[in-house]
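K.L.:
Input: one structure, supplied below.
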Amino acid sequence: MSAFGKRGGMSGGGQRPNFGVARPMKSPGGKAQAIPPGGEQFPPLDDLAEQTDELPEDSGEVNVNNPLGAMDRLTARQNASGAQGSSKAEGFEASVHRIKEQVLPRLLERVDPEAAATLNKDELAEEFRPIIGEVLAELKITLNRREQFALEKVLVDELLGLGPLEELLADPAISDIMVNGPDQCFIERKGKLELAQVQFRDEEHLFQIAQRIVNKVGRRVDQTTPLADARLQDGSRVNVIIPPLSLRGTAISIRKFSEKPITLDMMTGFGSMSDKMATLLKIAGASRMNVVISGGTGSGKTTMLNALSKMIDPGERVITIEDAAELRLQQPHWLPLETRPPNLEGQGAITIRDLVINALRMRPDRIILGEIRGPECFDLLAAMNTGHDGSMATLHSNSPRECLARMENMVMMSDIKIPKEAISRQIADSVDLIVQVKRLRDGSRRTTNITEVIGMEGDVIVTQELFKFEYLDESPDGKIIGEYRSMGLRPYTLEKAKQFGFDQPYLEACL
């Protein structure tokens with residue numbers, strides 16, 4: 001017997017219930033046109049591709065073969081601002097969504113929701129196939145095999161998945177998804193933002209998808225807590241903010257992570273760093289140096305932290321602490337911890353600082369913080385100084401010097417009353433390396449500085465730069481050309497590398 005309790009489409013009197021009549025979908029202009037192959041509802045993909053390849057007259061695009069001057073580029077940008085504000089789908093996708101709106105209510109009448117929830121997507125698609133055929137016959141809609149397959153996928157995504165977001169999450173080339181209300185969705189592809197052709201029915205539809213995301217990880221988003229951090233099953237980080245804080249409707253920001261872990265060697269191949277920089281960072285990770293990764297939003301801090309963590313000895317016990325668990329370490333002895341927001345009464349919150357203090361009682365070899373934002377900075381520095389060498393963290397800042405200043409400020413945010421000079425000395429004694437990463441304007445992510453913390457001179461933290469990325473030029477297609485330069489200095493942390501037998505390659509990488 002099927003897992004679904006089917007109810008026939010005929011009512012008690014033999015009359016079909018009045019669901020409305022499906023009308024053929026006409027083009028917006030309303031003019032009579034020759035019906036293309038595949039029917040007027042589904043125009044061929046080749047025609048759609050030809051339409052989308054044509055740029056509007058004043059699109060602001062710069063012709064690579066005839067580069068514009070600086071002022072011309074400013075004028076083109078000004079003329080193009082505000083264009084393409086809606087991400088409504090067109091053509092084949094729009095037709096499928098229109099049919100879905102007619103099929104979905106009738107499909108839900110024939111489905112037992114509890115039974116459907118126990119099935120996976122493939123099993124649900126198999127159960128849906130004959131029911132969808134019945135509904136399409138009732139609506140007098142004829143679809144070919146490709147169209148019906150697309151409709152099945154959209155309906156299954158709607159009921160079990162994340163609706164229109166599923167196709168974006170399945171695209172490995174997309175690294176960020178930013179939904180700005182039901183009518184607009186942007187994606188980041190190869191470091192550049194572009195408008196995505198996905199659509200939501202309305203604000204309620206988008207809010208239901210946001211609820212589905214946060215509920216899976218035990219969080220909630222409603223009028224009392226209008227913002228939430230969560231994660232997807234693959235570890236992608238999600239932030240949700242709803243009205244009244246978001247004025248355009250529910251906003252969802254998803255930071256996707258590569259299914260295949262990125263290594264330092266892969267980053268060298270991408271041009272994110274030089275071979276010598278990769279060698280230095282490998283030795284720093286293996287020699288249990290305390291590393292702080294600094295950078296802006298989307299610059300690749302978490303990716304760098306994951307890559308560095310691959311150099312950790314498999315025999316070490318590693319504890320990671322984050323707001324929303326997104327680190328993907330490859331070590332066998334790895335324990336991830338995650339914070340907890342307060343309940344409805346405002347009680348029961350567990351902060352990063354609480355977890356850092358607790359982690360010290362869990363016999364860790366290394367403590368890794370996804371990001372330090374406040375008073376937990378002092379506890380991490382204390383851990384680095386009390387036998388937990390090799391601890392790592394990320395931090396938002398624009399330069400290594402600013403990173404140190406931010407760490408001083410965050411320690412001062414705590415309720416620990418100690419002089420600023422003592423805080424600076426604690427930082428100088430704890431941190432060995434600062435790795436600065438940046439996302440440049442061409443969308444590339446580069447390791448721009450590797451800086452060593454030497455110690456104190458008076459009340460100032462002394463640093464020396466080991467590597468630096470220097471901007472040289474820009475290619476005609478907008479790619480930034482630069483050079484990774486070694487400063488040729490003898491590293492102060494050479495003694496730590498020597499303890500693990502890496503002193504010679506470490507010195508050769510720096511000189």
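Lettering and numbering for the structure tokens are positional, with chains as A, B, ... in the shown order, residues counted from 1 in each chain, and ligands counted from 1 in the shown order.
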Find the residues near Ala393 of chain A: any atom within 7 Å, counting only C-alpha atoms, skip ones fewer than 4 places away on the same chain, and give them as an MDAnalysis selection string.
P.N.:
chainID A and resid 291:293 368:372
K.L.:
Mind listing the strand (DSSP E) residues of segment 65-182 of chain A, per DSSP on the backbone, as a list in words?
P.N.:
Ile174, Ser175, Asp176, Ile177, Met178, Val179 and Asn180 of chain A
K.L.:
Considering only helix (DSSP H, G or I) as DSSP defines it on the backbone, what residues of segment 81-203 of chain A qualify? List them as number ranges by chain.
P.N.:
A: 91-109, 113-117, 121-139, 145-159, 165-169, 203
K.L.:
Between A:Leu305, A:Met277, A:Leu162, A:Ile283, which residue has the minimum interatomic distance to Pro505 of chain A, considering only C-alpha atoms?
P.N.:
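Ranking A:Leu305, A:Met277, A:Leu162, A:Ile283 by distance to Pro505 of chain A, first place goes to A:Ile283.
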K.L.:
Excluding same-chain residues fewer than 6 positions from Glu376 of chain A, what lies within 10 Å of it counting only C-alpha atoms, as a list of chain:residue names?
P.N.:
A:Thr351, A:Ile352, A:Arg353, A:Asp354, A:Leu355, A:Val356, A:Ile357, A:Leu369, A:Ala382, A:Met410, A:Val411, A:Met413, A:Ser414
K.L.:
Considering only C-alpha atoms, give me a table of residues in segment 163-280 of chain A that are at most 12 Å from segment 475-485 of chain A, with the closest atom pair and distance in Å for each, as CSV.
P.N.:
```
residue,atom,partner,partner_atom,distance
A:Gly191,CA,A:Lys479,CA,11.6
A:Lys192,CA,A:Gly478,CA,11.9
A:Thr268,CA,A:Tyr484,CA,11.2
A:Gly271,CA,A:Tyr484,CA,9.8
A:Ser272,CA,A:Tyr484,CA,9.5
A:Met273,CA,A:Tyr484,CA,7.1
A:Ser274,CA,A:Tyr484,CA,6.3
A:Asp275,CA,A:Tyr484,CA,9.6
A:Lys276,CA,A:Tyr484,CA,9.3
A:Met277,CA,A:Tyr484,CA,8.5
A:Ala278,CA,A:Tyr484,CA,11.4
```
K.L.:
Could the residues in this selection be written to a file with C-alpha atoms, as a PDB file, in the first residue's frame?
P.N.:
```pdb
ATOM      1  CA  GLY A 191      34.149  36.550  -6.708  1.00  0.00           C
ATOM      2  CA  LYS A 192      31.610  38.701  -8.605  1.00  0.00           C
ATOM      3  CA  THR A 268      48.982  28.267  -4.456  1.00  0.00           C
ATOM      4  CA  GLY A 271      47.352  32.309  -7.201  1.00  0.00           C
ATOM      5  CA  SER A 272      46.262  33.111  -3.628  1.00  0.00           C
ATOM      6  CA  MET A 273      49.842  32.808  -2.350  1.00  0.00           C
ATOM      7  CA  SER A 274      53.346  31.860  -3.478  1.00  0.00           C
ATOM      8  CA  ASP A 275      55.025  28.478  -2.982  1.00  0.00           C
ATOM      9  CA  LYS A 276      57.305  29.894  -0.273  1.00  0.00           C
ATOM     10  CA  MET A 277      54.324  31.346   1.617  1.00  0.00           C
ATOM     11  CA  ALA A 278      52.550  27.974   1.468  1.00  0.00           C
TER      12      ALA A 278
END
```
K.L.:
What is the atom CA of Met266 of chain A to atom CA of Lys282 of chain A distance in Å?
P.N.:
12.7 Å
K.L.:
Here is a test: counting only C-alpha atoms, which residue of A:Val460, A:Leu337, A:Leu440, A:Ile450 is nearest to Ser486 of chain A?
P.N.:
A:Ile450
K.L.:
Please identify all polymer residues within 9 Å of Ile174 of chain A, counting only C-alpha atoms, omitting same-chain residues fewer than 4 positions from it, and present them as a PyMOL selection string.
P.N.:
chain A and resi 168-170+187-190+256
K.L.:
Would you save the residues of that selection, restricted to C-alpha atoms, as a PDB file, in the first residue's frame?
P.N.:
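part-v4.pdb, freshly written:
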```pdb
ATOM      1  CA  LEU A 168      21.520  27.594  -6.296  1.00  0.00           C
ATOM      2  CA  LEU A 169      22.843  25.368  -3.500  1.00  0.00           C
ATOM      3  CA  ALA A 170      23.454  22.569  -6.021  1.00  0.00           C
ATOM      4  CA  ILE A 187      24.675  35.243  -6.007  1.00  0.00           C
ATOM      5  CA  GLU A 188      28.457  35.411  -5.974  1.00  0.00           C
ATOM      6  CA  ARG A 189      30.178  33.508  -8.761  1.00  0.00           C
ATOM      7  CA  LYS A 190      33.987  33.653  -9.136  1.00  0.00           C
ATOM      8  CA  LYS A 256      28.554  28.092   0.801  1.00  0.00           C
TER       9      LYS A 256
END
```
K.L.:
What is the distance between atom CA of Ile321 of chain A and atom CA of Gly348 of chain A, in Å to one decimal?
P.N.:
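Separation between atom CA of Ile321 of chain A and atom CA of Gly348 of chain A: 17.7 Å.
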K.L.:
With only C-alpha atoms as the counted atoms, please give the residues lying no more than 7 Å from Ser430 of chain A, apart from itself and same-chain residues fewer than 5 positions off, as number ranges by chain.
P.N.:
A: 290, 381, 384-385
K.L.:
If you count only C-alpha atoms, which residues fall within 6 Å of segment 324-336 of chain A, apart from same-chain ones fewer than 4 positions away, as a tab-separated table (two decimals) with N, CA, C and O atoms, in the first residue's frame?
P.N.:
```tsv
chain	number	residue	atom	x	y	z
A	230	ALA	N	22.52	30.13	11.54
A	230	ALA	CA	22.27	28.69	11.43
A	230	ALA	C	23.26	28.11	10.44
A	230	ALA	O	24.15	28.80	9.95
A	235	GLY	N	27.21	22.17	6.03
A	235	GLY	CA	28.09	23.06	6.78
A	235	GLY	C	28.07	24.50	6.33
A	235	GLY	O	28.74	25.34	6.93
A	314	PRO	N	47.59	14.24	13.50
A	314	PRO	CA	46.36	13.48	13.77
A	314	PRO	C	46.24	12.99	15.21
A	314	PRO	O	45.14	12.66	15.66
A	317	ARG	N	44.39	16.35	20.11
A	317	ARG	CA	42.96	16.59	20.38
A	317	ARG	C	42.66	18.05	20.08
A	317	ARG	O	43.24	18.95	20.69
A	318	VAL	N	41.75	18.28	19.13
A	318	VAL	CA	41.43	19.64	18.67
A	318	VAL	C	39.98	19.95	19.03
A	318	VAL	O	39.08	19.16	18.73
A	319	ILE	N	39.76	21.10	19.65
A	319	ILE	CA	38.40	21.56	19.96
A	319	ILE	C	38.16	22.86	19.21
A	319	ILE	O	38.94	23.81	19.32
A	320	THR	N	37.08	22.92	18.42
A	320	THR	CA	36.71	24.14	17.71
A	320	THR	C	35.48	24.74	18.36
A	320	THR	O	34.57	24.02	18.78
```
K.L.:
Find the residue from A:Gln426, A:Thr118, A:Gln199, A:Asn79 that sits nearest to Ser95 of chain A; use only C-alpha atoms when measuring.
P.N.:
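Between A:Gln426, A:Thr118, A:Gln199, A:Asn79, the residue approaching Ser95 of chain A most closely is A:Gln199.
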K.L.:
Do you know which residues are at most 9 Å from segment 297-302 of chain A counting only C-alpha atoms, after dropping those on the same chain fewer than 2 positions away, and could you put them as JSON, numbers by chain?
P.N.:
{"A": [176, 255, 293, 294, 295, 304, 305, 306, 307, 326, 327, 370, 371, 394, 395, 396, 436, 437, 438, 439, 440, 444, 445, 446]}
K.L.:
In Å to one decimal, how far is atom CA of Asp389 of chain A from atom CA of Arg288 of chain A?
P.N.:
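Computing the Euclidean distance for atom CA of Arg288 of chain A and atom CA of Asp389 of chain A yields 5.4 Å.
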